[in-house]
Amino acid sequence: MNSGKRDEHLQVYDTDEKLVEALAEHIYDLSKLALETRGQFTVSLSGGSTPKVLYEYLADAYAKKMSWGSILWFLGDERCVPHTSEESNYRMIDQALFSKAPVPRSNVFATEGQDTDPKASASHYEALMRQVVPSRSNEIPCFDLILLGLGPDGHTASLFPGSAALKEQDRCFVANWVEKFNAHRLTTTYPVLNNARNVIFLASGKGKAQILNEVLNSPDAGYPAQKVQPTPGRLQWFVDKAAVELLNTASSTR
Ligand code: 6PG
């Protein structure tokens, strides 16, 4: 990402609360645009801990505003554990959002069998994604919105440094062996990430300052998150001041 474009792509907020409120409103705006133009809003959600407050806020503050019946929800990645496990991304999102907002269960597309047969589960989920999410002319599903997080090693979704899925150029969703966990993770691949209309990274807190500075200021560092470059879609970073404290340029805060 070159710094010249950074201001347009980097939305900095004074606090995590203001960040969540602004991002929720932006997601609501994107949903209205998608519904006006395509009659539905397709979303791939990030796991991890950061977005939990965003999902809870959306479920509460937008319970009556959002057109929940026209939004289709996918998972950007999943751990290979039962959905009842505390590690499950689906469990976190279900508790924070799907079970709290008037989300039709038929609009939620979760992985199946990820804990028993990761490769088969990924193949099934890819087929589901291709069936449900309209594709661009390149025949790759085109999400209206993909929400991503940023790990301390520069991973995003479950695209970890040195993992095989970084090289995947054909499949949309794969089982990816992650050495440091000695386990598979299921993840969306770059062909889909870079095909979306809107990709938004959410990063907050001091703990993200170091990696965020490197990802934004060392474009050749080779972090997996840096290879998310949607074309012709739009890439944005929604961050708080704590996460940009190491960035070596003044950034406008809101
Ligand atoms: C996951 C996520 C992962 C996450 C980053 C950041 O399954 O863990 O999809 O990519 O977004 O690891 O995680 P935190 O939000 O917990 O810092």
# chains A, B, ... in the order shown; residues from 1 in each chain; ligands from 1
>>> select_by_dssp(residues="region 21-247 of chain A", states="strand (DSSP E)", output="VMD selection string")
chain A and resid 41 to 45 71 to 75 77 to 79 108 to 109 145 to 148 173 to 178 183 to 188 198 to 203 234 to 240
>>> residues_near_ligand(ligand="ligand 1", cutoff="8 Å", atoms="only C-alpha atoms and all ligand atoms", output="number ranges by chain")
A: 46-51, 76-79, 89, 148-152, 155-159, 203, 208
>>> closest_residue(among="A:Cys80, A:Ile200, A:Ile27, A:Ile93", to="Ser67 (chain A)", atoms="only C-alpha atoms")
A:Ile27
>>> closest_residue(among="A:Leu54, A:Trp73, A:His9, A:Cys142", to="Ala22 (chain A)", atoms="only C-alpha atoms")
A:Leu54
>>> select_by_dssp(residues="region 101-193 of chain A", states="alpha helix (DSSP H)", output="PyMOL selection string")
chain A and resi 118-132+190-193
>>> closest_atom_pairs(of="region 18-89 of chain A", to="region 99-123 of chain A", cutoff="7 Å", atoms="only C-alpha atoms", output="Markdown table")
| residue | atom | partner | partner_atom | distance |
| --- | --- | --- | --- | --- |
| A:Ala59 | CA | A:Ala101 | CA | 4.6 |
| A:Ala63 | CA | A:Ala101 | CA | 5.7 |
| A:Trp68 | CA | A:Val103 | CA | 5.5 |
| A:Gly69 | CA | A:Pro104 | CA | 6.2 |
| A:Ile71 | CA | A:Asn107 | CA | 6.7 |
| A:Leu72 | CA | A:Asn107 | CA | 4.8 |
| A:Trp73 | CA | A:Val108 | CA | 4.9 |
| A:Phe74 | CA | A:Phe109 | CA | 5.1 |
| A:Leu75 | CA | A:Ala110 | CA | 6.5 |
| A:Cys80 | CA | A:Asp115 | CA | 4.4 |
| A:Val81 | CA | A:Asp115 | CA | 4.4 |
| A:Pro82 | CA | A:Asp115 | CA | 5.5 |
>>> atom_distance(atom1="CA of Met92 (chain A)", atom2="CA of Phe201 (chain A)")
18.2 Å
>>> residues_around(residues="Thr189 (chain A)", least_positions_apart="3", cutoff="6 Å", atoms="only C-alpha atoms", output="list of chain:residue names")
A:Cys172, A:Phe173, A:Val192
>>> write_last_selection(atoms="C-alpha atoms", output="short mmCIF file (atom, residue, chain, number, x, y, z; two decimals), in the first residue's frame")
data_model
loop_
_atom_site.label_atom_id
_atom_site.label_comp_id
_atom_site.auth_asym_id
_atom_site.auth_seq_id
_atom_site.Cartn_x
_atom_site.Cartn_y
_atom_site.Cartn_z
CA CYS A 172 -11.80 -19.94 -3.19
CA PHE A 173 -11.61 -21.58 0.22
CA VAL A 192 -11.83 -14.18 -3.38
#
>>> decode(residues="region 116-147 of chain A", atoms="N, CA and C atoms", output="PDB file, in the first residue's frame")
ATOM      1  N   THR A 116     -13.866 -32.553  11.726  1.00  0.00           N
ATOM      2  CA  THR A 116     -13.620 -33.982  11.450  1.00  0.00           C
ATOM      3  C   THR A 116     -12.875 -34.212  10.136  1.00  0.00           C
ATOM      4  N   ASP A 117     -13.154 -33.376   9.135  1.00  0.00           N
ATOM      5  CA  ASP A 117     -12.478 -33.547   7.838  1.00  0.00           C
ATOM      6  C   ASP A 117     -12.274 -32.173   7.195  1.00  0.00           C
ATOM      7  N   PRO A 118     -11.212 -31.477   7.603  1.00  0.00           N
ATOM      8  CA  PRO A 118     -10.988 -30.102   7.121  1.00  0.00           C
ATOM      9  C   PRO A 118     -11.004 -29.952   5.603  1.00  0.00           C
ATOM     10  N   LYS A 119     -10.372 -30.875   4.893  1.00  0.00           N
ATOM     11  CA  LYS A 119     -10.290 -30.720   3.430  1.00  0.00           C
ATOM     12  C   LYS A 119     -11.656 -30.861   2.783  1.00  0.00           C
ATOM     13  N   ALA A 120     -12.442 -31.841   3.238  1.00  0.00           N
ATOM     14  CA  ALA A 120     -13.791 -32.026   2.694  1.00  0.00           C
ATOM     15  C   ALA A 120     -14.675 -30.840   3.075  1.00  0.00           C
ATOM     16  N   SER A 121     -14.479 -30.356   4.296  1.00  0.00           N
ATOM     17  CA  SER A 121     -15.272 -29.217   4.770  1.00  0.00           C
ATOM     18  C   SER A 121     -14.989 -27.979   3.924  1.00  0.00           C
ATOM     19  N   ALA A 122     -13.726 -27.770   3.609  1.00  0.00           N
ATOM     20  CA  ALA A 122     -13.346 -26.599   2.793  1.00  0.00           C
ATOM     21  C   ALA A 122     -13.919 -26.708   1.385  1.00  0.00           C
ATOM     22  N   SER A 123     -13.881 -27.925   0.820  1.00  0.00           N
ATOM     23  CA  SER A 123     -14.431 -28.118  -0.531  1.00  0.00           C
ATOM     24  C   SER A 123     -15.927 -27.840  -0.557  1.00  0.00           C
ATOM     25  N   HIS A 124     -16.615 -28.322   0.480  1.00  0.00           N
ATOM     26  CA  HIS A 124     -18.068 -28.108   0.557  1.00  0.00           C
ATOM     27  C   HIS A 124     -18.378 -26.617   0.689  1.00  0.00           C
ATOM     28  N   TYR A 125     -17.570 -25.937   1.521  1.00  0.00           N
ATOM     29  CA  TYR A 125     -17.821 -24.512   1.746  1.00  0.00           C
ATOM     30  C   TYR A 125     -17.530 -23.692   0.494  1.00  0.00           C
ATOM     31  N   GLU A 126     -16.500 -24.120  -0.234  1.00  0.00           N
ATOM     32  CA  GLU A 126     -16.198 -23.426  -1.495  1.00  0.00           C
ATOM     33  C   GLU A 126     -17.365 -23.570  -2.473  1.00  0.00           C
ATOM     34  N   ALA A 127     -17.920 -24.768  -2.549  1.00  0.00           N
ATOM     35  CA  ALA A 127     -19.053 -25.007  -3.455  1.00  0.00           C
ATOM     36  C   ALA A 127     -20.259 -24.162  -3.032  1.00  0.00           C
ATOM     37  N   LEU A 128     -20.464 -24.068  -1.731  1.00  0.00           N
ATOM     38  CA  LEU A 128     -21.562 -23.252  -1.205  1.00  0.00           C
ATOM     39  C   LEU A 128     -21.340 -21.775  -1.548  1.00  0.00           C
ATOM     40  N   MET A 129     -20.103 -21.324  -1.384  1.00  0.00           N
ATOM     41  CA  MET A 129     -19.778 -19.916  -1.670  1.00  0.00           C
ATOM     42  C   MET A 129     -20.034 -19.613  -3.148  1.00  0.00           C
ATOM     43  N   ARG A 130     -19.598 -20.538  -4.007  1.00  0.00           N
ATOM     44  CA  ARG A 130     -19.796 -20.346  -5.457  1.00  0.00           C
ATOM     45  C   ARG A 130     -21.281 -20.356  -5.822  1.00  0.00           C
ATOM     46  N   GLN A 131     -22.041 -21.159  -5.075  1.00  0.00           N
ATOM     47  CA  GLN A 131     -23.483 -21.287  -5.373  1.00  0.00           C
ATOM     48  C   GLN A 131     -24.257 -20.050  -4.910  1.00  0.00           C
ATOM     49  N   VAL A 132     -23.864 -19.507  -3.756  1.00  0.00           N
ATOM     50  CA  VAL A 132     -24.670 -18.449  -3.122  1.00  0.00           C
ATOM     51  C   VAL A 132     -24.224 -17.045  -3.500  1.00  0.00           C
ATOM     52  N   VAL A 133     -22.913 -16.839  -3.596  1.00  0.00           N
ATOM     53  CA  VAL A 133     -22.383 -15.478  -3.813  1.00  0.00           C
ATOM     54  C   VAL A 133     -22.162 -15.243  -5.314  1.00  0.00           C
ATOM     55  N   PRO A 134     -22.870 -14.273  -5.889  1.00  0.00           N
ATOM     56  CA  PRO A 134     -22.689 -14.004  -7.327  1.00  0.00           C
ATOM     57  C   PRO A 134     -21.235 -13.716  -7.679  1.00  0.00           C
ATOM     58  N   SER A 135     -20.819 -14.184  -8.852  1.00  0.00           N
ATOM     59  CA  SER A 135     -19.426 -14.000  -9.273  1.00  0.00           C
ATOM     60  C   SER A 135     -19.290 -12.826 -10.237  1.00  0.00           C
ATOM     61  N   ARG A 136     -18.054 -12.350 -10.355  1.00  0.00           N
ATOM     62  CA  ARG A 136     -17.732 -11.401 -11.402  1.00  0.00           C
ATOM     63  C   ARG A 136     -17.558 -12.201 -12.705  1.00  0.00           C
ATOM     64  N   SER A 137     -17.214 -11.534 -13.785  1.00  0.00           N
ATOM     65  CA  SER A 137     -17.035 -12.247 -15.065  1.00  0.00           C
ATOM     66  C   SER A 137     -15.878 -13.245 -14.992  1.00  0.00           C
ATOM     67  N   ASN A 138     -15.044 -13.084 -13.975  1.00  0.00           N
ATOM     68  CA  ASN A 138     -13.923 -14.038 -13.818  1.00  0.00           C
ATOM     69  C   ASN A 138     -14.360 -15.338 -13.126  1.00  0.00           C
ATOM     70  N   GLU A 139     -15.671 -15.424 -12.874  1.00  0.00           N
ATOM     71  CA  GLU A 139     -16.277 -16.628 -12.263  1.00  0.00           C
ATOM     72  C   GLU A 139     -15.782 -16.876 -10.831  1.00  0.00           C
ATOM     73  N   ILE A 140     -15.338 -15.810 -10.185  1.00  0.00           N
ATOM     74  CA  ILE A 140     -14.946 -15.888  -8.767  1.00  0.00           C
ATOM     75  C   ILE A 140     -15.997 -15.134  -7.948  1.00  0.00           C
ATOM     76  N   PRO A 141     -16.477 -15.747  -6.854  1.00  0.00           N
ATOM     77  CA  PRO A 141     -17.479 -15.057  -6.024  1.00  0.00           C
ATOM     78  C   PRO A 141     -17.022 -13.652  -5.642  1.00  0.00           C
ATOM     79  N   CYS A 142     -17.965 -12.729  -5.713  1.00  0.00           N
ATOM     80  CA  CYS A 142     -17.656 -11.313  -5.415  1.00  0.00           C
ATOM     81  C   CYS A 142     -18.495 -10.859  -4.225  1.00  0.00           C
ATOM     82  N   PHE A 143     -17.881 -10.889  -3.055  1.00  0.00           N
ATOM     83  CA  PHE A 143     -18.578 -10.416  -1.859  1.00  0.00           C
ATOM     84  C   PHE A 143     -18.742  -8.904  -1.905  1.00  0.00           C
ATOM     85  N   ASP A 144     -19.848  -8.403  -1.390  1.00  0.00           N
ATOM     86  CA  ASP A 144     -19.990  -6.954  -1.253  1.00  0.00           C
ATOM     87  C   ASP A 144     -19.038  -6.423  -0.183  1.00  0.00           C
ATOM     88  N   LEU A 145     -18.839  -7.229   0.865  1.00  0.00           N
ATOM     89  CA  LEU A 145     -17.959  -6.791   1.956  1.00  0.00           C
ATOM     90  C   LEU A 145     -17.227  -7.997   2.546  1.00  0.00           C
ATOM     91  N   ILE A 146     -15.923  -7.854   2.683  1.00  0.00           N
ATOM     92  CA  ILE A 146     -15.121  -8.837   3.434  1.00  0.00           C
ATOM     93  C   ILE A 146     -14.444  -8.089   4.572  1.00  0.00           C
ATOM     94  N   LEU A 147     -14.726  -8.516   5.794  1.00  0.00           N
ATOM     95  CA  LEU A 147     -14.134  -7.905   6.979  1.00  0.00           C
ATOM     96  C   LEU A 147     -12.955  -8.775   7.411  1.00  0.00           C
TER      97      LEU A 147
END
